[in-house]
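Asks: Quick one: the structure is below, and I'll ask about it shortly.
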Protein chains: 2
Amino acid sequence: MSAAETARSRSGRAARRAERAVKGAVGAAPYIVRGIPTYDVLGEESLQRIEAAADRILAETGIDFRDDDAALALWKKAGARVDGVRVRFEPGMLREILKTAPAEFTQHARNPANSVRIGGRNVVFAPSYGSPFVMDLDRGRRFGTLEDFENFVKLGQSSPWLHHSGGTICEPTDVAVNKRHLDMVYAHIKYSDRAFLGSVTAEDRAEDSIEMTRILFGPEFVEQNCVIMGNFNVNSPLVWDGTMTRGMRAYARAGQGTVLVPFILGGAMGPVTSAGAIAQALAETMAGCALIQLERPGAPVVFGNFLSSMSLRSGSPTFGTPEPAIGSMVVGQLARRLNLPLRCSGNFTNSKLPDAQAMMEGTMSMLAAVQCGANFVLHSAGFLDGLLSMSYEKFVLDTDLCGAMHAYLRGVVVDDNALAVDAFAEVGPGNHFFGCRHTLANYETAFWDSELSDNEPFEKWEQNGAEDSATRANRLWKKRLAEYVAPDLDPGIDEALRAFIARRKTAVADQWY
Amino acid sequence: MSAAETARSRSGRAARRAERAVKGAVGAAPYIVRGIPTYDVLGEESLQRIEAAADRILAETGIDFRDDDAALALWKKAGARVDGVRVRFEPGMLREILKTAPAEFTQHARNPANSVRIGGRNVVFAPSYGSPFVMDLDRGRRFGTLEDFENFVKLGQSSPWLHHSGGTICEPTDVAVNKRHLDMVYAHIKYSDRAFLGSVTAEDRAEDSIEMTRILFGPEFVEQNCVIMGNFNVNSPLVWDGTMTRGMRAYARAGQGTVLVPFILGGAMGPVTSAGAIAQALAETMAGCALIQLERPGAPVVFGNFLSSMSLRSGSPTFGTPEPAIGSMVVGQLARRLNLPLRCSGNFTNSKLPDAQAMMEGTMSMLAAVQCGANFVLHSAGFLDGLLSMSYEKFVLDTDLCGAMHAYLRGVVVDDNALAVDAFAEVGPGNHFFGCRHTLANYETAFWDSELSDNEPFEKWEQNGAEDSATRANRLWKKRLAEYVAPDLDPGIDEALRAFIARRKTAVADQWY
């Protein structure tokens, strides 16, 4: 394209279309059903070598299951070799156990229209998870509070491009550590009508989270259906900690979902080479998912992945870099060979601001998630500062990218209308397509329409204040919060939830660690 | 990953590794040989439907070849139906002609170590092309000058992550329109020792560009080898303008390369639906590439692609949006079915600053280029403002992303070393991999090391001035220019080039249009 052509193409249309402002081309949906294949980068032989390496780790080195005698008993009964807390597995044993795990399941939302289907060709976006700090352009970085937490639940609920309310969007550090899960679960129920994650930091907090869903959905419904999930971490390398496994088993026992995620920072909690880190992740995740199936065969479980890398100059972890992005594609292939739903990456970055670095890294990471076939994309919105901070501005920038991913995952539709063959005969060489029948019939749904990107000509952008996109994002999240309306919640249920929380809060003293 | 784990993983390592600062993990190469497959999103039936739609456009509507009687004569001789300037083609005819086009060819650089192989699994990055304006954070937006042009050639040459010097990196608007090609080609030869593009704006300027390569390489070498290419645009829809085709034929006649690129802004120069725009692009590009083969069978020609979209609210073109990104994957599949080298997208954006929008759009667009199998990625660095401005800061941000793409395209290596199986036995559950033999043997080459991303902990980043990445980029391009050293050029050749330019400049009066 020559510059002259670019300039020419801009004249005239703005005025002509000003009155036809249309909302984004892609309608909101409870989740995405992908229209494009996954991006499979490794061939059969390489995949088998990684699987064989994982099998060898499981058989020879083994995995520690610490502080959870019930887990060790389950492994013994299943025929694993248990030596103290070290458990070793014959090749093929875990794959056999995993056959009872569902390839696809529904997590119900209190608004049935927002229930999500996890697995298969489905893609579900959830906000970022676990930051102790929050950030915005006005107040900078500070510890997160319950008010921040509620704000992020509201911002998530306000976006048509997220599908799930997430879990610990930020740590509400003004609430006692042993009680904040009650306020977080309540906030998800009260300020959102989407599916959400419960607590994982202690078994009784997991039980509390599930109990609150029984108040919301009724105990019979909860017994029969997945209405809550917990996101659990491996203590990589090769350790499943009892705090995690007891919580995981609590979810599974109740028939609820678990997402099991190794956290491998290459060179620290695993090998510095991707193939080795992936083999380790496969071993760790398979063992966790199999334990879930031993606890309750058929319980929904999601194969999780969190590959990362580190800066060799500073030793800091890095996020949104190319090696984890391409490594995720391989993890996706391996998860599909196990027939398990997949959780992958999200909008990762190590930037401390919602700047060019943030979206270069975030976009590389988010595209990897959707290309690798992730079914549940935690950390889809808000991630800054290597996950130490949730950013208000990045949250709305990221949800805008989530919107773009809806259009991306739809792929290229090929049918008679899309091929537009008759339009060429109508328009002919050298003429424009502005007013032709095909354009008029299709233009309102043709293109993703970003709410945050500035597509005006330079002069108009300058007249409008020459703002960068972080500044526009700052205005947008404030607008969203100002316009937020809570979804209706049955007053009786609300009352019962509040009573449960009050009871649980008075039962024990505050703990701040 | 919990926040606590993130924080924990950061402690201690910075000091331990501070003295072991290493240069980026991926070494510079004259071009990339991809280690991962392309991302093929459409199945056989859909591809055939698009091809059939293109064939129908070519047979029924046809393409205008305007102001070039020699081109019309070539078409008549080849058996096309010529009606005035309208040319129609029987299905299959163009594919047959295209069989003489090379699937892969070498464009020679004056430094043989920098010659690039275009086609096959090879990927070549070149700077952005054609902006009338330049921008930097200090001086804002202004018309480009020859000094800017030379600066960008120098910045390109300074980056190990670009492979090609490009063409009209910005318009040197302080030089007469009919003479600036001489200064641009000279700057590419003088300040870079990589391959480059010549002028396309008039047949005699194309001839001048090629003549300068004869001075540089010797006429015999130029007759036998590709040493220069021209990047030509279709006047979409369905018009090849004589200015373009006469220039294209000049390159082909001299055995030199051409890159032929439709510019389709969906809804303006083509249908608003992707499949139709892709069918149109296929028809236009096949016709252009076939004309090259009629002019000189076997002449190198690159199948070009420039899909875009528009804002339906403002009528402005949009760049780096999801529809062109996913559409590029389809264009890649179609080009490979023709066995032609492919040019695709680059680091596109409509942002007016090197901000979050710029890199969200740019990264989506650049990843599409490398995933779709583009062999020649024009617009790899500097693109802002819908191509109206070359940005100094974006240039170095983009070259950093180009570096990341080197690591990305290498993919996941699976061999005994990468699988690190022995390391697990050495380290064992719960221990870290920092000092193990495998880490020590591999850490220096394990990860891409961005020169611009800040991966320090927040506190250290704050102490260092809390800069955003655009500010760091501003510092980096100035450092690059200050440290730039021109590659040696034979004084006799330099003299001869200057004499040629002086002769050509005095032969005609300045023209400013």
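If you're wondering about the labels, chains in the structure tokens are A, B, ... by order shown, residues count from 1 in each chain, ligands from 1 in order shown.
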Distance limit 6 Å, atoms considered: only C-alpha atoms. Which chain B residues sit that close to chain A? Return them as a ChimeraX atom specification.

Replies: /B:1-3,10,13-14,18,21,36-37,39,41,61,130-131,233,237-239,263,267-270,272-273,275-276,313-316,322,350,355-357,359-360,363,404,408,414,418-420,425,429-430,432-434,439,455,469

Asks: List as a list in words the protein and nucleic acid residues near Lys77 in chain B, meaning an atom at most 12 Å away when only C-alpha atoms are counted, but skip any in the same chain fewer than 4 places from it.

Replies: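 Here the qualifying residues turn out to be Ala70, Ala71, Leu72, Ala73, Arg81, Val82, Leu291, Leu294 and Glu295 of chain B.
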
Asks: Would you list, as a ChimeraX atom specification, the residues of range 193-406 of chain B that end up in alpha helix (DSSP H) under DSSP run on this structure's backbone?

Replies: /B:203-217,219-224,242-253,274-295,322-337,356-371,392-406

Asks: Would you output that residue set with C-alpha atoms, as an mmCIF file, in the first residue's frame?

Replies:
```
data_model
loop_
_atom_site.group_PDB
_atom_site.id
_atom_site.type_symbol
_atom_site.label_atom_id
_atom_site.label_comp_id
_atom_site.auth_asym_id
_atom_site.auth_seq_id
_atom_site.Cartn_x
_atom_site.Cartn_y
_atom_site.Cartn_z
ATOM 1 C CA GLU B 203 9.352 3.001 -14.945
ATOM 2 C CA ASP B 204 12.466 5.198 -15.316
ATOM 3 C CA ARG B 205 12.897 5.310 -11.525
ATOM 4 C CA ALA B 206 12.717 1.519 -11.464
ATOM 5 C CA GLU B 207 15.369 1.443 -14.223
ATOM 6 C CA ASP B 208 17.545 3.889 -12.241
ATOM 7 C CA SER B 209 17.276 1.690 -9.140
ATOM 8 C CA ILE B 210 18.350 -1.388 -11.086
ATOM 9 C CA GLU B 211 21.139 0.542 -12.827
ATOM 10 C CA MET B 212 22.591 1.477 -9.438
ATOM 11 C CA THR B 213 22.739 -2.207 -8.515
ATOM 12 C CA ARG B 214 24.699 -2.825 -11.736
ATOM 13 C CA ILE B 215 27.272 -0.295 -10.501
ATOM 14 C CA LEU B 216 27.313 -2.039 -7.116
ATOM 15 C CA PHE B 217 27.337 -5.713 -8.178
ATOM 16 C CA PRO B 219 26.098 -5.944 -14.739
ATOM 17 C CA GLU B 220 26.890 -9.641 -15.282
ATOM 18 C CA PHE B 221 26.022 -10.538 -11.679
ATOM 19 C CA VAL B 222 22.783 -8.566 -11.886
ATOM 20 C CA GLU B 223 21.781 -10.317 -15.101
ATOM 21 C CA GLN B 224 22.213 -13.695 -13.392
ATOM 22 C CA GLY B 242 0.213 1.064 -16.120
ATOM 23 C CA THR B 243 2.556 2.908 -13.775
ATOM 24 C CA MET B 244 2.754 -0.261 -11.744
ATOM 25 C CA THR B 245 2.840 -2.831 -14.554
ATOM 26 C CA ARG B 246 5.504 -0.967 -16.533
ATOM 27 C CA GLY B 247 7.654 -0.795 -13.402
ATOM 28 C CA MET B 248 6.994 -4.439 -12.580
ATOM 29 C CA ARG B 249 7.967 -5.477 -16.064
ATOM 30 C CA ALA B 250 11.165 -3.408 -15.828
ATOM 31 C CA TYR B 251 12.227 -5.394 -12.751
ATOM 32 C CA ALA B 252 11.231 -8.703 -14.344
ATOM 33 C CA ARG B 253 12.980 -7.851 -17.634
ATOM 34 C CA SER B 274 -13.150 -11.632 4.483
ATOM 35 C CA ALA B 275 -13.708 -14.584 2.160
ATOM 36 C CA GLY B 276 -14.686 -12.277 -0.694
ATOM 37 C CA ALA B 277 -11.777 -9.935 -0.077
ATOM 38 C CA ILE B 278 -9.405 -12.923 -0.042
ATOM 39 C CA ALA B 279 -10.853 -14.276 -3.313
ATOM 40 C CA GLN B 280 -10.394 -10.847 -4.872
ATOM 41 C CA ALA B 281 -6.823 -10.614 -3.583
ATOM 42 C CA LEU B 282 -6.090 -14.048 -4.998
ATOM 43 C CA ALA B 283 -7.424 -13.033 -8.416
ATOM 44 C CA GLU B 284 -5.500 -9.754 -8.466
ATOM 45 C CA THR B 285 -2.217 -11.237 -7.272
ATOM 46 C CA MET B 286 -2.336 -14.264 -9.564
ATOM 47 C CA ALA B 287 -2.881 -11.976 -12.545
ATOM 48 C CA GLY B 288 0.063 -9.767 -11.576
ATOM 49 C CA CYS B 289 2.396 -12.663 -10.862
ATOM 50 C CA ALA B 290 1.451 -14.289 -14.160
ATOM 51 C CA LEU B 291 2.220 -11.067 -16.048
ATOM 52 C CA ILE B 292 5.710 -11.166 -14.508
ATOM 53 C CA GLN B 293 6.151 -14.693 -15.832
ATOM 54 C CA LEU B 294 4.998 -13.648 -19.282
ATOM 55 C CA GLU B 295 7.543 -10.814 -19.270
ATOM 56 C CA PRO B 322 -8.594 -9.742 14.276
ATOM 57 C CA GLU B 323 -10.235 -10.265 10.871
ATOM 58 C CA PRO B 324 -7.154 -9.452 8.781
ATOM 59 C CA ALA B 325 -5.012 -11.454 11.232
ATOM 60 C CA ILE B 326 -7.022 -14.634 10.797
ATOM 61 C CA GLY B 327 -7.595 -13.868 7.098
ATOM 62 C CA SER B 328 -3.815 -13.836 6.601
ATOM 63 C CA MET B 329 -3.685 -17.484 7.623
ATOM 64 C CA VAL B 330 -5.984 -18.294 4.696
ATOM 65 C CA VAL B 331 -3.952 -16.195 2.257
ATOM 66 C CA GLY B 332 -0.882 -18.133 3.399
ATOM 67 C CA GLN B 333 -2.574 -21.426 2.598
ATOM 68 C CA LEU B 334 -3.574 -20.160 -0.860
ATOM 69 C CA ALA B 335 -0.073 -18.882 -1.668
ATOM 70 C CA ARG B 336 1.467 -22.216 -0.738
ATOM 71 C CA ARG B 337 -1.005 -23.978 -3.053
ATOM 72 C CA ALA B 356 -0.711 -0.101 24.553
ATOM 73 C CA GLN B 357 -2.934 0.103 21.458
ATOM 74 C CA ALA B 358 0.109 0.189 19.193
ATOM 75 C CA MET B 359 1.538 -3.042 20.542
ATOM 76 C CA MET B 360 -1.781 -4.838 21.017
ATOM 77 C CA GLU B 361 -2.556 -4.291 17.340
ATOM 78 C CA GLY B 362 1.052 -4.656 16.220
ATOM 79 C CA THR B 363 1.631 -7.933 18.022
ATOM 80 C CA MET B 364 -1.595 -9.467 16.725
ATOM 81 C CA SER B 365 -0.623 -8.451 13.207
ATOM 82 C CA MET B 366 3.033 -9.542 13.462
ATOM 83 C CA LEU B 367 2.131 -12.931 14.930
ATOM 84 C CA ALA B 368 -0.284 -13.433 12.038
ATOM 85 C CA ALA B 369 2.570 -12.758 9.610
ATOM 86 C CA VAL B 370 4.868 -15.354 11.098
ATOM 87 C CA GLN B 371 2.103 -17.878 11.724
ATOM 88 C CA TYR B 392 11.474 6.146 15.942
ATOM 89 C CA GLU B 393 10.300 4.624 19.216
ATOM 90 C CA LYS B 394 8.009 2.083 17.594
ATOM 91 C CA PHE B 395 10.867 1.097 15.297
ATOM 92 C CA VAL B 396 12.990 -0.166 18.183
ATOM 93 C CA LEU B 397 9.981 -1.641 20.024
ATOM 94 C CA ASP B 398 9.131 -3.550 16.868
ATOM 95 C CA THR B 399 12.669 -4.784 16.274
ATOM 96 C CA ASP B 400 12.560 -6.110 19.838
ATOM 97 C CA LEU B 401 9.395 -8.026 18.903
ATOM 98 C CA CYS B 402 11.190 -9.240 15.758
ATOM 99 C CA GLY B 403 13.843 -10.650 18.077
ATOM 100 C CA ALA B 404 11.165 -12.449 20.085
ATOM 101 C CA MET B 405 9.860 -13.894 16.816
ATOM 102 C CA HIS B 406 13.255 -15.535 16.251
#
```

Asks: Can you check which residues of range 163-346 of chain B DSSP gives as strand (DSSP E or B) on the backbone and send them as a PyMOL selection string?

Replies: chain B and resi 170+197+226+229-233+239-241+257-261+264-266+270+301-304+307-310+317-318+342-343

Asks: Could you turn the residues from that selection into a file that holds N, CA, C and O atoms, as a compact mmCIF listing (two decimals), in the first residue's frame?

Replies:
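The resulting file, again.txt, is shown below:
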```txt
# COMPACT_ATOMS: atom_id res chain seq x y z
N CYS B 170 10.64 5.90 4.93
CA CYS B 170 9.74 7.06 5.02
C CYS B 170 9.99 7.86 3.75
O CYS B 170 11.03 7.72 3.12
N LEU B 197 14.93 -2.73 -1.33
CA LEU B 197 13.94 -2.56 -2.39
C LEU B 197 14.23 -1.28 -3.16
O LEU B 197 14.69 -0.29 -2.58
N CYS B 226 19.16 -12.15 -8.51
CA CYS B 226 18.25 -11.14 -7.95
C CYS B 226 19.01 -10.34 -6.88
O CYS B 226 19.48 -10.90 -5.90
N MET B 229 14.51 -5.70 -5.39
CA MET B 229 13.11 -6.00 -5.66
C MET B 229 12.32 -4.70 -5.61
O MET B 229 12.74 -3.72 -4.98
N GLY B 230 11.16 -4.72 -6.26
CA GLY B 230 10.21 -3.61 -6.17
C GLY B 230 8.91 -4.10 -5.58
O GLY B 230 8.48 -5.22 -5.88
N ASN B 231 8.30 -3.29 -4.75
CA ASN B 231 7.04 -3.64 -4.10
C ASN B 231 5.90 -2.88 -4.77
O ASN B 231 5.79 -1.66 -4.63
N PHE B 232 5.05 -3.58 -5.50
CA PHE B 232 4.04 -2.95 -6.34
C PHE B 232 2.62 -3.22 -5.84
O PHE B 232 2.31 -4.33 -5.42
N ASN B 233 1.78 -2.21 -5.93
CA ASN B 233 0.40 -2.34 -5.46
C ASN B 233 -0.60 -2.48 -6.60
O ASN B 233 -0.52 -1.76 -7.60
N VAL B 239 -7.87 -3.59 -10.71
CA VAL B 239 -7.19 -2.75 -11.70
C VAL B 239 -5.69 -2.84 -11.47
O VAL B 239 -5.20 -2.63 -10.36
N TRP B 240 -4.96 -3.18 -12.53
CA TRP B 240 -3.50 -3.02 -12.51
C TRP B 240 -3.21 -1.79 -13.37
O TRP B 240 -3.49 -1.76 -14.56
N ASP B 241 -2.65 -0.79 -12.72
CA ASP B 241 -2.37 0.48 -13.36
C ASP B 241 -1.06 0.39 -14.15
O ASP B 241 -0.12 -0.27 -13.72
N GLY B 257 13.50 -9.01 -8.69
CA GLY B 257 12.31 -9.49 -7.99
C GLY B 257 11.19 -8.46 -7.92
O GLY B 257 11.44 -7.24 -7.92
N THR B 258 9.98 -8.96 -7.82
CA THR B 258 8.84 -8.08 -7.59
C THR B 258 7.98 -8.68 -6.47
O THR B 258 7.90 -9.90 -6.33
N VAL B 259 7.38 -7.80 -5.71
CA VAL B 259 6.43 -8.18 -4.67
C VAL B 259 5.12 -7.50 -5.07
O VAL B 259 5.09 -6.28 -5.22
N LEU B 260 4.07 -8.29 -5.27
CA LEU B 260 2.84 -7.74 -5.82
C LEU B 260 1.73 -7.82 -4.78
O LEU B 260 1.38 -8.91 -4.32
N VAL B 261 1.17 -6.68 -4.44
CA VAL B 261 0.33 -6.59 -3.25
C VAL B 261 -0.99 -5.88 -3.52
O VAL B 261 -1.00 -4.69 -3.79
N ILE B 264 -6.54 -4.07 -0.13
CA ILE B 264 -7.99 -4.17 0.00
C ILE B 264 -8.42 -3.74 1.38
O ILE B 264 -8.16 -4.42 2.37
N LEU B 265 -9.08 -2.60 1.43
CA LEU B 265 -9.71 -2.15 2.66
C LEU B 265 -11.15 -2.62 2.55
O LEU B 265 -11.92 -2.11 1.73
N GLY B 266 -11.48 -3.65 3.35
CA GLY B 266 -12.79 -4.29 3.21
C GLY B 266 -13.94 -3.29 3.30
O GLY B 266 -14.00 -2.51 4.22
N GLY B 270 -12.92 -3.55 -1.75
CA GLY B 270 -13.28 -4.95 -1.87
C GLY B 270 -14.48 -5.23 -0.99
O GLY B 270 -14.95 -4.34 -0.27
N VAL B 301 9.09 -13.67 -8.15
CA VAL B 301 7.92 -12.84 -7.83
C VAL B 301 7.32 -13.34 -6.52
O VAL B 301 7.30 -14.54 -6.26
N VAL B 302 6.91 -12.40 -5.68
CA VAL B 302 6.39 -12.71 -4.35
C VAL B 302 4.90 -12.39 -4.31
O VAL B 302 4.49 -11.29 -4.69
N PHE B 303 4.11 -13.37 -3.87
CA PHE B 303 2.67 -13.22 -3.71
C PHE B 303 2.42 -12.34 -2.48
O PHE B 303 2.73 -12.74 -1.36
N GLY B 304 1.89 -11.15 -2.67
CA GLY B 304 1.71 -10.22 -1.56
C GLY B 304 0.28 -10.17 -1.06
O GLY B 304 -0.67 -10.49 -1.77
N LEU B 307 -4.52 -7.43 3.73
CA LEU B 307 -5.92 -7.33 4.11
C LEU B 307 -6.06 -6.27 5.18
O LEU B 307 -5.20 -6.12 6.03
N SER B 308 -7.15 -5.57 5.18
CA SER B 308 -7.39 -4.62 6.24
C SER B 308 -8.88 -4.60 6.55
O SER B 308 -9.64 -5.40 6.05
N SER B 309 -9.26 -3.68 7.38
CA SER B 309 -10.65 -3.59 7.81
C SER B 309 -10.94 -2.12 8.06
O SER B 309 -10.07 -1.28 7.90
N MET B 310 -12.17 -1.80 8.42
CA MET B 310 -12.45 -0.39 8.71
C MET B 310 -13.34 -0.24 9.93
O MET B 310 -14.07 -1.15 10.30
N PRO B 317 -9.82 3.46 8.15
CA PRO B 317 -9.23 2.12 8.10
C PRO B 317 -8.74 1.72 9.47
O PRO B 317 -8.36 2.57 10.28
N THR B 318 -8.77 0.43 9.75
CA THR B 318 -8.24 -0.07 11.02
C THR B 318 -7.12 -1.05 10.70
O THR B 318 -7.08 -1.64 9.61
N LEU B 342 5.62 -15.78 -0.17
CA LEU B 342 4.52 -14.97 0.35
C LEU B 342 5.02 -13.75 1.11
O LEU B 342 5.92 -13.85 1.94
N ARG B 343 4.42 -12.61 0.83
CA ARG B 343 4.60 -11.44 1.69
C ARG B 343 3.30 -11.21 2.45
O ARG B 343 2.23 -11.24 1.87
```

Asks: For Trp512 in chain B, which residue out of B:Val175, B:Met184, B:Val377, B:Ala473 is the nearest one, using only C-alpha atoms?

Replies: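 Ranking B:Val175, B:Met184, B:Val377, B:Ala473 by distance to Trp512 in chain B, first place goes to B:Val175.
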